[in-house]
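Listing of data02.pdb; format and content: PDB, C-alpha atoms.
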```pdb
ATOM      1  CA  MET A  15      68.453 119.904 109.599
ATOM      2  CA  ALA A  16      66.729 120.768 112.814
ATOM      3  CA  GLY A  17      69.754 122.331 114.526
ATOM      4  CA  SER A  18      70.427 126.092 114.712
ATOM      5  CA  THR A  19      73.745 125.722 112.915
ATOM      6  CA  PRO A  20      74.439 123.892 109.651
ATOM      7  CA  SER A  21      76.217 120.558 109.865
ATOM      8  CA  LYS A  22      79.530 119.825 108.200
ATOM      9  CA  SER A  23      77.763 117.805 105.499
ATOM     10  CA  ASP A  24      75.414 120.755 104.855
ATOM     11  CA  ILE A  25      78.379 123.102 104.439
ATOM     12  CA  CYS A  26      80.197 120.735 102.074
ATOM     13  CA  ALA A  27      77.088 120.106  99.979
ATOM     14  CA  LEU A  28      76.280 123.813  99.676
ATOM     15  CA  PHE A  29      79.784 124.872  98.651
ATOM     16  CA  LYS A  30      80.041 121.967  96.222
ATOM     17  CA  ARG A  31      76.971 123.319  94.471
ATOM     18  CA  LEU A  32      78.102 126.959  94.558
ATOM     19  CA  ARG A  33      81.561 126.113  93.221
ATOM     20  CA  SER A  34      80.034 124.135  90.360
ATOM     21  CA  PHE A  35      79.488 127.544  88.750
ATOM     22  CA  SER A  36      82.567 128.373  86.676
ATOM     23  CA  CYS A  37      82.605 131.995  87.901
ATOM     24  CA  ASN A  38      83.094 130.794  91.488
ATOM     25  CA  GLN A  39      86.018 128.544  90.579
ATOM     26  CA  SER A  40      88.389 131.507  90.107
ATOM     27  CA  CYS A  41      89.417 134.148  92.607
ATOM     28  CA  PHE A  42      87.247 137.272  92.500
ATOM     29  CA  ASP A  43      90.310 139.512  92.911
ATOM     30  CA  CYS A  44      93.171 137.893  90.935
ATOM     31  CA  TYR A  45      91.314 135.212  88.898
ATOM     32  CA  ALA A  46      93.595 132.455  90.207
ATOM     33  CA  LYS A  47      92.209 128.933  90.321
ATOM     34  CA  ASN A  48      91.292 127.026  93.501
ATOM     35  CA  SER A  49      89.261 129.777  95.163
ATOM     36  CA  SER A  50      88.672 127.814  98.362
ATOM     37  CA  TRP A  51      88.294 130.883 100.584
ATOM     38  CA  ALA A  52      85.463 133.377 100.829
ATOM     39  CA  SER A  53      84.729 136.924 101.853
ATOM     40  CA  VAL A  54      81.417 136.467 103.669
ATOM     41  CA  THR A  55      80.898 140.232 103.750
ATOM     42  CA  PHE A  56      80.764 140.464  99.943
ATOM     43  CA  GLY A  57      79.677 136.886  99.198
ATOM     44  CA  VAL A  58      82.624 136.232  96.870
ATOM     45  CA  PHE A  59      85.106 133.368  96.461
ATOM     46  CA  ILE A  60      88.810 134.208  96.680
ATOM     47  CA  CYS A  61      92.148 132.362  96.737
ATOM     48  CA  ILE A  62      94.316 131.828  99.806
ATOM     49  CA  ASP A  63      96.712 134.648  98.847
ATOM     50  CA  CYS A  64      93.927 137.201  98.476
ATOM     51  CA  SER A  65      92.354 135.976 101.717
ATOM     52  CA  ALA A  66      95.458 137.283 103.499
ATOM     53  CA  VAL A  67      94.933 140.674 101.840
ATOM     54  CA  HIS A  68      91.317 140.735 102.999
ATOM     55  CA  ARG A  69      92.400 139.881 106.551
ATOM     56  CA  SER A  70      94.812 142.801 106.506
ATOM     57  CA  LEU A  71      91.883 145.125 105.736
ATOM     58  CA  GLY A  72      90.178 144.106 108.963
ATOM     59  CA  THR A  73      87.032 142.120 109.690
ATOM     60  CA  HIS A  74      84.960 145.321 109.691
ATOM     61  CA  ILE A  75      85.701 145.617 105.977
ATOM     62  CA  SER A  76      85.897 141.970 104.877
ATOM     63  CA  PHE A  77      85.233 138.910 107.017
ATOM     64  CA  VAL A  78      87.094 135.879 105.596
ATOM     65  CA  LYS A  79      86.434 132.157 106.093
ATOM     66  CA  SER A  80      87.593 128.919 104.504
ATOM     67  CA  THR A  81      85.036 126.934 102.527
ATOM     68  CA  GLN A  82      86.921 123.702 103.282
ATOM     69  CA  LEU A  83      88.531 124.077 106.713
ATOM     70  CA  ASP A  84      86.021 126.095 108.704
ATOM     71  CA  THR A  85      83.030 124.201 110.068
ATOM     72  CA  ASN A  86      81.537 126.995 112.184
ATOM     73  CA  TRP A  87      79.538 128.640 109.432
ATOM     74  CA  THR A  88      76.149 130.101 110.364
ATOM     75  CA  TRP A  89      73.045 129.911 108.207
ATOM     76  CA  LEU A  90      73.111 133.673 107.637
ATOM     77  CA  GLN A  91      76.722 133.444 106.410
ATOM     78  CA  LEU A  92      75.807 130.616 104.029
ATOM     79  CA  ARG A  93      72.865 132.651 102.745
ATOM     80  CA  ALA A  94      75.252 135.535 102.037
ATOM     81  CA  MET A  95      77.297 133.225  99.808
ATOM     82  CA  GLN A  96      74.127 131.952  98.113
ATOM     83  CA  VAL A  97      72.707 135.397  97.299
ATOM     84  CA  GLY A  98      76.177 136.649  96.343
ATOM     85  CA  GLY A  99      78.632 134.831  94.121
ATOM     86  CA  ASN A 100      81.445 136.134  91.932
ATOM     87  CA  ALA A 101      79.294 136.735  88.844
ATOM     88  CA  ASN A 102      76.857 138.982  90.728
ATOM     89  CA  ALA A 103      79.700 140.930  92.359
ATOM     90  CA  VAL A 104      81.520 141.445  89.046
ATOM     91  CA  ALA A 105      78.321 142.689  87.388
ATOM     92  CA  TYR A 106      77.574 145.107  90.255
ATOM     93  CA  PHE A 107      81.100 146.563  90.489
ATOM     94  CA  GLU A 108      81.348 147.005  86.714
ATOM     95  CA  GLU A 109      77.905 148.600  86.540
ATOM     96  CA  HIS A 110      78.933 151.183  89.144
ATOM     97  CA  GLY A 111      82.320 151.843  87.517
ATOM     98  CA  SER A 112      84.434 150.427  90.320
ATOM     99  CA  GLN A 113      87.279 148.434  88.757
ATOM    100  CA  SER A 114      90.205 149.420  90.951
ATOM    101  CA  GLN A 115      92.933 146.801  91.450
ATOM    102  CA  ASP A 116      93.944 148.264  94.805
ATOM    103  CA  ALA A 117      92.282 146.142  97.499
ATOM    104  CA  HIS A 118      91.948 148.922 100.085
ATOM    105  CA  HIS A 119      90.459 151.379  97.603
ATOM    106  CA  LYS A 120      88.209 148.715  96.092
ATOM    107  CA  TYR A 121      86.657 147.453  99.325
ATOM    108  CA  THR A 122      86.379 150.797 101.089
ATOM    109  CA  SER A 123      84.749 152.556  98.147
ATOM    110  CA  ARG A 124      81.149 153.738  98.075
ATOM    111  CA  THR A 125      80.319 150.943  95.630
ATOM    112  CA  ALA A 126      81.695 148.300  97.993
ATOM    113  CA  GLU A 127      79.748 149.746 100.928
ATOM    114  CA  LEU A 128      76.493 149.654  98.974
ATOM    115  CA  TYR A 129      77.123 146.105  97.781
ATOM    116  CA  LYS A 130      77.920 144.988 101.338
ATOM    117  CA  GLN A 131      74.563 146.317 102.490
ATOM    118  CA  ARG A 132      72.844 144.668  99.532
ATOM    119  CA  ILE A 133      74.297 141.234 100.353
ATOM    120  CA  HIS A 134      73.312 141.534 104.016
ATOM    121  CA  HIS A 135      69.767 142.552 103.094
ATOM    122  CA  LEU A 136      69.305 139.698 100.582
ATOM    123  CA  ALA A 137      70.748 137.147 103.030
ATOM    124  CA  THR A 138      68.383 138.293 105.752
ATOM    125  CA  MET A 139      65.408 138.071 103.389
ATOM    126  CA  ALA A 140      66.447 134.562 102.316
ATOM    127  CA  MET A 141      66.615 133.449 105.939
ATOM    128  CA  ARG A 142      63.090 134.730 106.559
ATOM    129  CA  SER A 143      61.753 133.020 103.433
ATOM    130  CA  HIS A 144      63.583 129.702 103.536
ATOM    131  CA  GLY A 145      64.738 129.247 107.106
ATOM    132  CA  THR A 146      67.335 126.441 107.238
ATOM    133  CA  LYS A 147      66.479 124.905 103.882
ATOM    134  CA  LEU A 148      69.802 124.002 102.304
ATOM    135  CA  ILE A 149      69.229 124.440  98.568
ATOM    136  CA  ILE A 150      67.223 127.471  97.516
ATOM    137  CA  ASP A 151      66.565 129.149  94.164
ATOM    138  CA  LEU A 152      67.193 132.861  94.068
ATOM    139  CA  PRO A 153      66.741 135.510  91.363
ATOM    140  CA  ASN A 154      70.433 136.359  91.679
ATOM    141  CA  ASP A 155      71.336 132.873  90.466
ATOM    142  CA  SER A 156      70.557 134.003  86.905
ATOM    143  CA  ALA A 157      73.866 135.859  86.561
ATOM    144  CA  GLN A 158      75.809 132.796  87.654
ATOM    145  CA  LYS A 159      73.786 130.528  85.356
ATOM    146  CA  ARG A 160      74.393 132.854  82.386
ATOM    147  CA  ASP A 161      78.101 132.855  83.171
ATOM    148  CA  ASN A 162      78.139 129.067  83.367
ATOM    149  CA  GLN A 163      76.276 128.762  80.050
ATOM    150  CA  THR A 164      78.713 131.176  78.377
ATOM    151  CA  VAL A 165      81.692 129.123  79.515
ATOM    152  CA  HIS A 166      79.972 125.899  78.415
ATOM    153  CA  GLN A 167      79.237 127.349  74.967
ATOM    154  CA  GLY A 168      82.854 128.465  74.659
ATOM    155  CA  GLU A 169      84.049 124.962  75.528
ATOM    156  CA  VAL A 170      81.667 123.436  72.948
ATOM    157  CA  GLN A 171      82.859 125.828  70.232
ATOM    158  CA  SER A 172      86.496 125.103  71.042
ATOM    159  CA  HIS A 173      85.767 121.379  70.844
ATOM    160  CA  GLU A 174      84.043 121.793  67.453
ATOM    161  CA  VAL A 175      86.976 123.790  66.066
ATOM    162  CA  ALA A 176      89.390 121.100  67.234
ATOM    163  CA  GLU A 177      87.251 118.395  65.593
ATOM    164  CA  GLN A 178      87.202 120.302  62.292
ATOM    165  CA  ALA A 179      90.970 120.751  62.415
ATOM    166  CA  LEU A 180      91.441 117.006  62.797
ATOM    167  CA  HIS A 181      89.394 116.300  59.653
ATOM    168  CA  VAL A 182      91.166 118.811  57.382
ATOM    169  CA  THR A 183      92.919 116.966  54.559
ATOM    170  CA  ALA A 184      96.607 117.700  54.291
ATOM    171  CA  PRO A 185      97.400 119.703  51.090
ATOM    172  CA  VAL A 186      98.857 117.679  48.209
ATOM    173  CA  LYS A 187     102.156 119.018  46.956
ATOM    174  CA  SER A 188     102.119 119.999  43.280
ATOM    175  CA  SER A 189     104.527 118.228  40.952
ATOM    176  CA  ILE A 190     104.595 121.132  38.487
ATOM    177  CA  GLY A 191     108.024 122.664  38.190
ATOM    178  CA  THR A 192     109.717 120.016  40.260
ATOM    179  CA  ARG A 193     112.817 118.373  38.827
ATOM    180  CA  LYS A 194     113.019 114.650  38.618
ATOM    181  CA  PRO A 195     116.064 113.173  40.281
ATOM    182  CA  THR A 196     118.908 112.644  37.803
ATOM    183  CA  PRO A 197     120.079 109.019  37.747
ATOM    184  CA  ALA A 198     123.684 108.518  38.748
ATOM    185  CA  LYS A 199     126.062 108.117  35.817
ATOM    186  CA  LYS A 200     127.640 104.755  35.445
ATOM    187  CA  GLY A 201     131.404 104.566  35.666
ATOM    188  CA  ILE A 202     133.750 103.841  32.780
ATOM    189  CA  GLY A 203     133.754 100.187  31.866
ATOM    190  CA  THR A 204     130.354  99.387  33.315
ATOM    191  CA  ARG A 205     128.712  99.553  29.894
ATOM    192  CA  LYS A 206     128.740  96.328  27.964
ATOM    193  CA  GLY A 207     131.365  96.462  25.242
ATOM    194  CA  GLY A 208     132.860  99.652  26.649
ATOM    195  CA  LEU A 209     136.439 100.662  27.206
ATOM    196  CA  GLY A 210     136.738  99.180  30.636
ATOM    197  CA  ALA A 211     139.119  96.429  31.679
ATOM    198  CA  GLN A 212     138.142  93.034  30.353
ATOM    199  CA  ARG A 213     138.905  89.684  31.776
ATOM    200  CA  VAL A 214     141.529  87.769  29.704
ATOM    201  CA  LYS A 215     141.282  84.014  29.520
ATOM    202  CA  THR A 216     144.695  82.228  29.012
ATOM    203  CA  ASP A 217     144.995  78.684  27.666
ATOM    204  CA  PHE A 218     148.135  77.413  29.428
ATOM    205  CA  SER A 219     147.942  73.980  27.848
ATOM    206  CA  LYS A 220     148.151  75.536  24.389
ATOM    207  CA  LEU A 221     151.171  77.578  25.397
ATOM    208  CA  GLU A 222     152.913  74.466  26.712
ATOM    209  CA  ARG A 223     152.348  72.589  23.441
ATOM    210  CA  GLU A 224     153.792  75.458  21.455
ATOM    211  CA  ALA A 225     156.843  75.535  23.709
ATOM    212  CA  GLN A 226     157.385  71.786  23.191
ATOM    213  CA  GLU A 227     157.186  72.228  19.399
ATOM    214  CA  GLN A 228     159.864  74.884  19.554
ATOM    215  CA  ASP A 229     162.102  72.665  21.693
ATOM    216  CA  LYS A 230     162.273  70.049  18.899
ATOM    217  CA  PHE A 231     164.251  72.478  16.726
ATOM    218  CA  ILE A 232     166.776  73.284  19.406
ATOM    219  CA  THR A 233     169.830  71.000  19.689
ATOM    220  CA  PRO A 234     171.668  70.498  22.899
ATOM    221  CA  GLN A 235     174.728  72.143  21.443
ATOM    222  CA  THR A 236     172.933  75.324  20.375
ATOM    223  CA  ALA A 237     170.662  75.549  23.342
ATOM    224  CA  SER A 238     171.605  77.950  26.030
ATOM    225  CA  PRO A 239     172.427  76.621  29.496
ATOM    226  CA  ALA A 240     169.145  78.059  30.839
ATOM    227  CA  VAL A 241     167.124  76.184  28.189
ATOM    228  CA  GLN A 242     168.978  72.956  28.912
ATOM    229  CA  ASP A 243     168.205  73.281  32.590
ATOM    230  CA  ILE A 244     164.544  73.740  31.804
ATOM    231  CA  LYS A 245     164.520  70.629  29.545
ATOM    232  CA  GLU A 246     166.214  68.512  32.176
ATOM    233  CA  GLU A 247     163.682  69.623  34.794
ATOM    234  CA  ARG A 248     160.815  68.916  32.409
ATOM    235  CA  PHE A 249     161.900  65.392  31.507
TER     236      PHE A 249
END
```
Conversion result in structure tokens:
Amino acid sequence: MAGSTPSKSDICALFKRLRSFSCNQSCFDCYAKNSSWASVTFGVFICIDCSAVHRSLGTHISFVKSTQLDTNWTWLQLRAMQVGGNANAVAYFEEHGSQSQDAHHKYTSRTAELYKQRIHHLATMAMRSHGTKLIIDLPNDSAQKRDNQTVHQGEVQSHEVAEQALHVTAPVKSSIGTRKPTPAKKGIGTRKGGLGAQRVKTDFSKLEREAQEQDKFITPQTASPAVQDIKEERF
């Protein structure tokens, strides 16, 4: 790290660490995710859409750079991002009652001007104290650490609530007052010995014997032609 400008690996390593803080993972202006751009002037992380708004304000108000595409960062610019951060900016703007959603009014206000000077002063002091040392510990990191701990605690609590919900026993339905299903009524004739149709067994051999007995008492003279035909067919 002997050069006057940080290397690409230095830039990547530094922003990887800074964006590990949950507060720096969302846009400072609109809270959108993937805040891969930065306003070096205020030391805050912003999204690509808000970076266009900052550019429209002019570099004298907000100087914008990409944390992923730009490789021409200076050590003083990196220090500004280290001493800044979204959590510190939010705390400062809220403390001074500046919560305007209008970008021009927000970044040209007296509060914004004072914070801009504060960031520049802290970055200059960090350069004098640490030179080109990549990772430094600063008092301003406390706000970002508190924010990260708050988010972590919220995630732990949400996880515990979800675990408790999974172990809740499903309520048992009471059987009091519930009607038992009525069995279907059987149809007529299904009951044994009922009035339903019954199967009739016919003994045809018995009927034939009875008919033969009756034929003995019928003479050919008295028998009708139909009976005689039947007797001839039978014998």
Do you know which residues the PyMOL selection byres ((chain A and resi 25-38) around 8) returns on this file, as a PyMOL selection string? chain A and resi 20-24+39-42+49+58-59+81-82+85+87+92+96+99-101+148-149+158-159+161-162+165
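One distance worth recording is that between atom CA of Val97 of chain A and atom CA of Glu109 of chain A, which is 17.8 Å.
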Residues within 8 Å of (82.7, 136.2, 102.0), file coordinates, counting only C-alpha atoms: what are they? Give the list as a PyMOL selection string. chain A and resi 51-59+76-79+91+94-95
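The two atoms in question, atom CA of Ser18 of chain A and atom CA of Asn86 of chain A, are spaced 11.4 Å apart.
Nearest-residue note for Thr125 of chain A: choosing from A:Cys44, A:Ala137, A:Val104, A:Val67, the minimum distance belongs to A:Val104, counting only C-alpha atoms.
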As an exercise, work out the distance from atom CA of Tyr45 of chain A to atom CA of Ile60 of chain A in Å and give it to one decimal place. 8.2 Å
I'd like the contact shell of Ile150 of chain A - 9 Å cut-off, only C-alpha atoms, skipping same-chain residues fewer than 3 positions apart - returned as a PyMOL selection string. chain A and resi 96+140+144+147
Please enclose the listed atoms of segment 132-145 of chain A in an axis-aligned box, pad each side by 5 Å, and write out the centre and the three edge lengths in Å, rounded to one decimal, as AutoDock Vina command-line options.
```
--center_x 68.0 --center_y 137.0 --center_z 103.3 --size_x 22.5 --size_y 25.4 --size_z 17.6
```
